[in-house]
Each structure stands twice: as structure tokens, then as C-alpha cells.
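Colleague: I am attaching a structure below and will ask some questions about it afterwards.
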Amino acid sequence: MTAPMEIARRVADAVLYEGYLLYPYRASAAKNRMRWQFGVLVPPGFDTTCEHSSSVTECLLERADDAEVRLRLRFLHVRTRLVERAEDGGHRPVAELTVETAGPAAPGTGAAGGVPGGVPSPETAGEADPGTAGTGAPGGTTTYLSFEEATERETEVAFPVAELLDGERAADVRLPGDRSVEAITGPSGRARGRVVREHLPLHAVVRARAERVAGPYDLVRLRVRVENVTGWDDPDATREQALRRSLISAHLIIGVTGGAFVSLLDPPEWARPAAETCRNERTWPVLVGEPGHRDVLLSSPIILYDYPDTAPESPGDMFDATEIDEMLHLRTLTLTEEERRQARATDPRAARLLDMVATLPPELAERLHGAIRHLETPARDDTAPRWGSAAGPGAAPWDDASPAGSRTAPPPDPVPAAAPWDGPGDAFWSDLAAGPGSSPETDAVSVAGVEVARGSRVRLAPGRRRADAHDMFLTGRTARVEAVLTDLDGARHLAVTLDDDPGADLHRSHGRFLYFAPDEVEPLDAPGPADGPGAGTDARDAEGVRDAGDAPERRDAP
């Protein structure tokens with residue numbers, strides 16, 4: 001595998017498993033009950049969710065007369081894992097089945113080697129069968145969970161560009177269904193149940209064609225369409241049923257020999273008009289590989305930049321490449337024994353993730369804290385006078401001529417007397433104000449017939465619009481309004497501090513507030529004095545509530 005293709009595959013793997021399983025990595029977590037969000041191509045007859053059955057990638061090639069393109073389609077194929085309990089001579093589907101085990105778990109059972117809490121020892125980590133469904137727990141039991149797994153699928157086709165210029169070429173991708181059964185037995189060998197895994201058949205088509213771009217630059221536009229053409233005739237089916245016949249996290253790695261791709265994000269000026277005519281549907285093509293190389297392109301369902309790469313400090317896939325590895329690593333270490341047992345039973349990949357976190361050496365964990373990629377020396381302004389240079393008209397006394405090579409330091413600036421603090425100041429608010437007519441410290445807004453301005457006291461009532469968990473924790477708390485802000489769209493926002501926050505003065509001095517819409521508060525009194533100390537700002541440092549500088553997703557912070 002070439003270096004650019006190796007980098008491309010590394011990034012493509014992160015795309016493939018983005019959101020596959022999210023912290024805390026157990027099936028019972030709400031975020032893991034609504035899965036498969038990226039690059040989903042459903043059967044064309046399924047329209048319940050308005051998801052699409054195809055994607056289109058268009059890109060530009062130069063020097064392509066004798067080139068050949070290689071199209072590698074990659075996606076996940078959902079495999080159901082159904083746990084069934086043995087009873088009355090048959091089997092009944094159940095969400096969870098726990099059975100006793102005799103001593104250490106046998107290979108293939110998924111039990112954690114008899115280690116309390118299902119945490120394997122370093123000697124046994126990574127040895128479990130990737131297809132296992134259960135996990136060991138204290139007391140000699142193994143738990144099996146019904147869940148959805150996924151199998152990586154990949155197919156590659158190659159076409160000379162000359163053939164694609166003559167007309168469309170197509171390649172079929174057919175995956176037959178399959179079914180496997182794993183028996184679950186107790187210590188005595190008596191059948192306690194079974195695990196049934198099943199793939200449903202899948203049929204997709206990759207269509208490619210090319211056309212010359214008018215102009216003097218000899219560009220070729222390549223168009224690739226990926227279609228799910230699986231038959232579907234069940235109008236009452238659920239999304240979960242349709243996903244079993246869908247392409248999940250579908251993306252393309254496109255390579256070229258004898259030619260070069262043109263960046264669509266940052267094209268050269270001569271190619272910009274042609275780049276702007278490319279139409280990509282549900283994909284985002286970017287150059288990948290070593291910076292400067294233009295022979296591999298990744299068409300991703302997730303927005304990326306040219307030449308993306310995974311951080312070399314990352315110890316492994318945590319299924320959330322847009323998140324901070326250090327945070328996920330530390331949070332995973334805080335899981336309880338029961339939570340880890342559930343995560344292990346959820347998915348074999350989750351079990352391997354727990355092993356990785358538990359056995360990560362301290363020196364590698366420290367690398368997750370951050371890295372300096374490169375250092376730059378600021379450019380020097382040669383027009384500015386240098387210390388020790390000859391003085392010119394209007395020069396300061398310390399710029400007088402001095403012996404060559406000497407540097408006479410300027411006299412220190414006088415230390416100004418400390419002034420009493422009265423909030424962040426006009427400069428802070430002017431940065432947040434939307435226009436000349438906005439005055440955050442004096443503006444007011446009417447809430448339930450009461451004028452609310454700086455100094456007003458209010459009771460917080462979030463949840464009347466979309467709110468996150470941190471907002472809900474603040475329901476019923478009283479706060480002081482620090483400013484009334486107007487964003488660029490003309491919407492009003494209240495900057496508040498909590499009455500019962502002992503660090504209010506410190507946070508207020510930094511201009512760090514909570515932001516709520518007027519309909520998310522209840523007035524407690526008329527506007528009060530603007531210069532009172534007022535208790536409270538947010539507990540954001542402890543609880544992660546966002547401030548204006550954090551660009552909150554909900555409030556459009558000014």
C-alpha cells in the first residue's frame with residue numbers, strides 16, 4: 001500500500017466508524033439507541049425518514065488522457081445479533097440473557113477471563129473472538145445482549161479515463177445474506193439459549209463517467225454515483241428494518257495513476273470556475289495523503305479539509321474522531337464495574353476499547369494532553385525603529401545613537417494606579433454589540449410585561465425551546481441580569497449570573513456569563529441598580545456549561 005493510500009485508509013477508517021458506538025459505550029445509553037447517522041444509503045423504496053438511496057461525487061482531473069482511476073467503495077453492513085432464551089422446547093427472543101459459568105470462561109464466550117468486573121488482564125487483552133456476544137461478571141455469570149453489529153464491506157473497480165469519456169461504466173456490488181447460530185450453555189452443558197446473527201442481502205451499483213471541461217486547461221470532470229438498488233416493498237417498515245438493507249457510512253477512496261486531482265476546496269485560480277461547477281450530493285471530496293500529493297481523493301459523508309489525518313498521539317479508535325481523545329480516555333476510566341460489564345456485553349469493539357484504556361501506559365496517556373506541531377518565528381517589521389539605532393526626527397530618547405551592537409532598553413512604563421472594578425467595560429460589550437444602536441449595559445427587554453435590564457433578578461426556566469442537560473440543571477435557579485444583548489439577526493439574549501454562585505465576582509470580572517432567551521426566564525422584580533455586587537455566575541468550569549466564547553450550539557451567543 002502506498003503512503004498516500006495508507007493515510008487515506010487511516011482517515012477513511014475514522015469516517016467508517018464515526019459514531020459507531022459512543023461513550024459510555026453501552027447499549028442502554030440513549031445516544032446508542034439511535035445509531036447509524038452518517039453516509040446512510042437506504043433502499044430506494046424506503047421513504048419513511050426521507051433519507052436518500054444514492055450519493056454523487058464530482059471532481060476534477062488534470063493531465064488525464066492516459067490516466068486510470070480506481071474507485072474503492074467502503075461501507076458498513078448491519079448485522080443483527082439476537083439473543084434467544086431456550087424454553088418449552090423452542091427459543092424466545094430476549095433483550096438480555098445472563099447464565100452461570102463454571103470457572104473461567106471458555107474461549108469464544110466473551111467472558112472476561114474471570115477478572116472481576118469484566119476487565120481482562122493485560123495477558124488476555126485482545127484475545128477474545130471478535131464475534132462474541134457475552135461478557136463475564138463477578139459471581140461466575142456471563143451476560144449476552146441483543147444488539148446490532150456491523151461488518152466492513154469493501155469493493156474496488158478500475159476504469160481508464162478514456163473509457164469513461166466514451167460513456168458511463170457500472171459495477172455491481174452484491175452481498176448475499178447469511179445467518180449463524182451460537183449456542184449458549186450452562187455449567188452442566190444444558191442449553192440455555194442461543195445467539196443468532198444475520199446479514200440481509202444487499203445490492204448496490206457504482207456508476208462512473210467523465211467529460212471534458214470546456215476551456216484551454218485540459219480538465220476532465222469525473223462523476224461517480226453510488227446507488228443502493230436493493231429491492232424494497234414494505235411501506236410500513238421501520239428505519240431499523242431498512243438499515244439492515246442499507247449502506248452505512250458509505251464513502252469512496254478514489255485513486256488516479258497518470259493524472260492528478262484538483263482541490264475543490266482551494267483550487268488554483270485558473271481552475272476555480274470549473275471547480276465551482278462540480279456538484280456533490282451527500283459527499284465531500286477532499287485530497288488525502290501527504291500534503292502536496294494529488295493522486296488520492298476521499299469522498300466522505302463528513303465535512304473534512306484537504307489532507308486530513310489522524311493524530312499520531314491517538315492510541316486507537318474511540319468511534320468519535322471529532323472529540324478529544326484525552327477527555328474520552330479519562331471519562332472511560334471513571335466507568336463503574338457494572339458500566340464496564342455492560343459495555344463489554346454490548347460490542348466486542350467496545351471491549352477492546354476498554355482494554356486499550358485500562359492498559360495504556362502513563363507516558364502514552366500524557367501525550368493525549370496536547371502537542372506542538374511546529375514553531376514559527378514572527379516576521380520582524382524592518383520599518384520600526386530598533387533599540388540602539390540612530391535617532392531620527394521625532395525619535396524617543398532611548399533611540400539615540402549608541403555603539404554598534406548595543407541595545408539600550410527603554411525606560412519602564414509607569415505602573416497605573418489600580419482602579420475599582422465595574423464590570424468588563426465598554427470595550428468588552430462593544431465587541432458583542434450588533435450595531436451602533438445596541439447598548440448591552442443599558443438596553444432592556446419586556447418579559448411578561450416587566451422591563452428586564454441589567455440588575456434585574458429573574459428565575460431561570462429553560463426547556464421551552466431545545467435545551468441540553470446543563471440548562472435543565474439550572475431550572476428554578478435565580479439569577480441577576482448582567483446585560484441585554486442583541487445579535488446580528490436582531491434577537492435578544494440575557495447575560496446572567498447565578499445568585500448562589502460563590503465565584504460570581506471572579507466570573508463577572510472576566511465577562512463569563514450564562515445566556516438565555518427572554519422567554520426562558522421569569523422576572524422576579526423590576527430592574528435594580530446596575531452597580532450592585534450581585535451574586536453568581538455559572539458553574540461552567542465545574543459542569544461544562546458554555547459561555548459566549550465557547551460558541552454555544554443553542555443560543556446564538558452574540
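We label chains A, B, ... in the order they appear in the C-alpha cells, count residues from 1 in each chain, and number ligands from 1 in the order shown.
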So that I can see what lies close to Arg190 (chain A), please list as a VMD selection string the residues with an atom at most 12 Å from it, counting only C-alpha atoms and leaving out residues fewer than 4 positions away in the same chain.
Modeller: chain A and resid 86 to 87 99 to 101 183 to 186 194
Colleague: Would you export the selected residues with C-alpha atoms as a PDB file, in the first residue's frame, please?
Modeller:
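For reference, selection29.pdb as written:
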ATOM      1  CA  ALA A  86     -34.379 -21.630  25.430  1.00  0.00           C
ATOM      2  CA  GLU A  87     -37.798 -22.522  26.828  1.00  0.00           C
ATOM      3  CA  VAL A  99     -26.178 -17.527  32.504  1.00  0.00           C
ATOM      4  CA  GLU A 100     -23.922 -19.125  35.087  1.00  0.00           C
ATOM      5  CA  THR A 101     -20.438 -20.168  34.112  1.00  0.00           C
ATOM      6  CA  ALA A 183     -25.318 -21.968  21.313  1.00  0.00           C
ATOM      7  CA  ILE A 184     -25.384 -20.721  24.918  1.00  0.00           C
ATOM      8  CA  THR A 185     -24.970 -23.448  27.527  1.00  0.00           C
ATOM      9  CA  GLY A 186     -24.841 -23.537  31.312  1.00  0.00           C
ATOM     10  CA  ARG A 194     -28.584 -19.075  21.552  1.00  0.00           C
TER      11      ARG A 194
END
Colleague: Ala350 (chain A): which residues within 7 Å, counting only C-alpha atoms, same-chain residues fewer than 6 positions away excluded, as a list in words?
Modeller: Tyr25, Ala343 and Arg344 of chain A
Colleague: Which residues are near region 224-237 of chain A? Cut-off 6 Å, only C-alpha atoms, ignore same chain within fewer than 4 positions. Put them as number ranges by chain.
Modeller: A: 43, 45, 53-57, 202-208
Colleague: Taking N, CA and C atoms for each residue, export the selection above as a PDB file, in the first residue's frame.
Modeller:
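out_7.pdb, written as the output of this step:
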ATOM      1  N   PRO A  43     -32.591   1.648   0.971  1.00  0.00           N
ATOM      2  CA  PRO A  43     -33.199   1.126  -0.255  1.00  0.00           C
ATOM      3  C   PRO A  43     -34.070   2.193  -0.912  1.00  0.00           C
ATOM      4  N   GLY A  45     -36.928   2.207  -2.209  1.00  0.00           N
ATOM      5  CA  GLY A  45     -38.354   2.184  -1.915  1.00  0.00           C
ATOM      6  C   GLY A  45     -38.701   2.609  -0.511  1.00  0.00           C
ATOM      7  N   SER A  53     -31.087   7.249  -1.216  1.00  0.00           N
ATOM      8  CA  SER A  53     -30.573   5.946  -1.633  1.00  0.00           C
ATOM      9  C   SER A  53     -29.306   6.070  -2.471  1.00  0.00           C
ATOM     10  N   SER A  54     -28.846   7.285  -2.740  1.00  0.00           N
ATOM     11  CA  SER A  54     -27.673   7.443  -3.596  1.00  0.00           C
ATOM     12  C   SER A  54     -26.843   8.636  -3.152  1.00  0.00           C
ATOM     13  N   SER A  55     -25.606   8.647  -3.588  1.00  0.00           N
ATOM     14  CA  SER A  55     -24.719   9.792  -3.391  1.00  0.00           C
ATOM     15  C   SER A  55     -23.975  10.038  -4.694  1.00  0.00           C
ATOM     16  N   VAL A  56     -23.566  11.281  -4.910  1.00  0.00           N
ATOM     17  CA  VAL A  56     -22.877  11.651  -6.142  1.00  0.00           C
ATOM     18  C   VAL A  56     -21.604  12.406  -5.793  1.00  0.00           C
ATOM     19  N   THR A  57     -20.510  11.989  -6.404  1.00  0.00           N
ATOM     20  CA  THR A  57     -19.230  12.661  -6.237  1.00  0.00           C
ATOM     21  C   THR A  57     -18.767  13.193  -7.587  1.00  0.00           C
ATOM     22  N   LEU A 202     -27.849  -7.453   0.120  1.00  0.00           N
ATOM     23  CA  LEU A 202     -27.670  -6.049  -0.230  1.00  0.00           C
ATOM     24  C   LEU A 202     -27.187  -5.967  -1.672  1.00  0.00           C
ATOM     25  N   HIS A 203     -27.726  -4.995  -2.406  1.00  0.00           N
ATOM     26  CA  HIS A 203     -27.342  -4.817  -3.808  1.00  0.00           C
ATOM     27  C   HIS A 203     -27.101  -3.333  -4.071  1.00  0.00           C
ATOM     28  N   ALA A 204     -25.893  -3.003  -4.511  1.00  0.00           N
ATOM     29  CA  ALA A 204     -25.541  -1.621  -4.832  1.00  0.00           C
ATOM     30  C   ALA A 204     -24.879  -1.575  -6.198  1.00  0.00           C
ATOM     31  N   VAL A 205     -24.833  -0.381  -6.762  1.00  0.00           N
ATOM     32  CA  VAL A 205     -24.204  -0.164  -8.072  1.00  0.00           C
ATOM     33  C   VAL A 205     -23.325   1.076  -7.990  1.00  0.00           C
ATOM     34  N   VAL A 206     -22.128   0.975  -8.549  1.00  0.00           N
ATOM     35  CA  VAL A 206     -21.222   2.120  -8.678  1.00  0.00           C
ATOM     36  C   VAL A 206     -21.177   2.493 -10.154  1.00  0.00           C
ATOM     37  N   ARG A 207     -21.589   3.719 -10.472  1.00  0.00           N
ATOM     38  CA  ARG A 207     -21.607   4.196 -11.863  1.00  0.00           C
ATOM     39  C   ARG A 207     -20.608   5.346 -11.999  1.00  0.00           C
ATOM     40  N   ALA A 208     -19.820   5.298 -13.069  1.00  0.00           N
ATOM     41  CA  ALA A 208     -18.802   6.328 -13.280  1.00  0.00           C
ATOM     42  C   ALA A 208     -18.802   6.773 -14.732  1.00  0.00           C
TER      43      ALA A 208
END
Colleague: Quick one: pull the distance between CA of Thr48 (chain A) and CA of Glu240 (chain A), Å, one decimal.
Modeller: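 Between CA of Thr48 (chain A) and CA of Glu240 (chain A) the gap is 11.2 Å.
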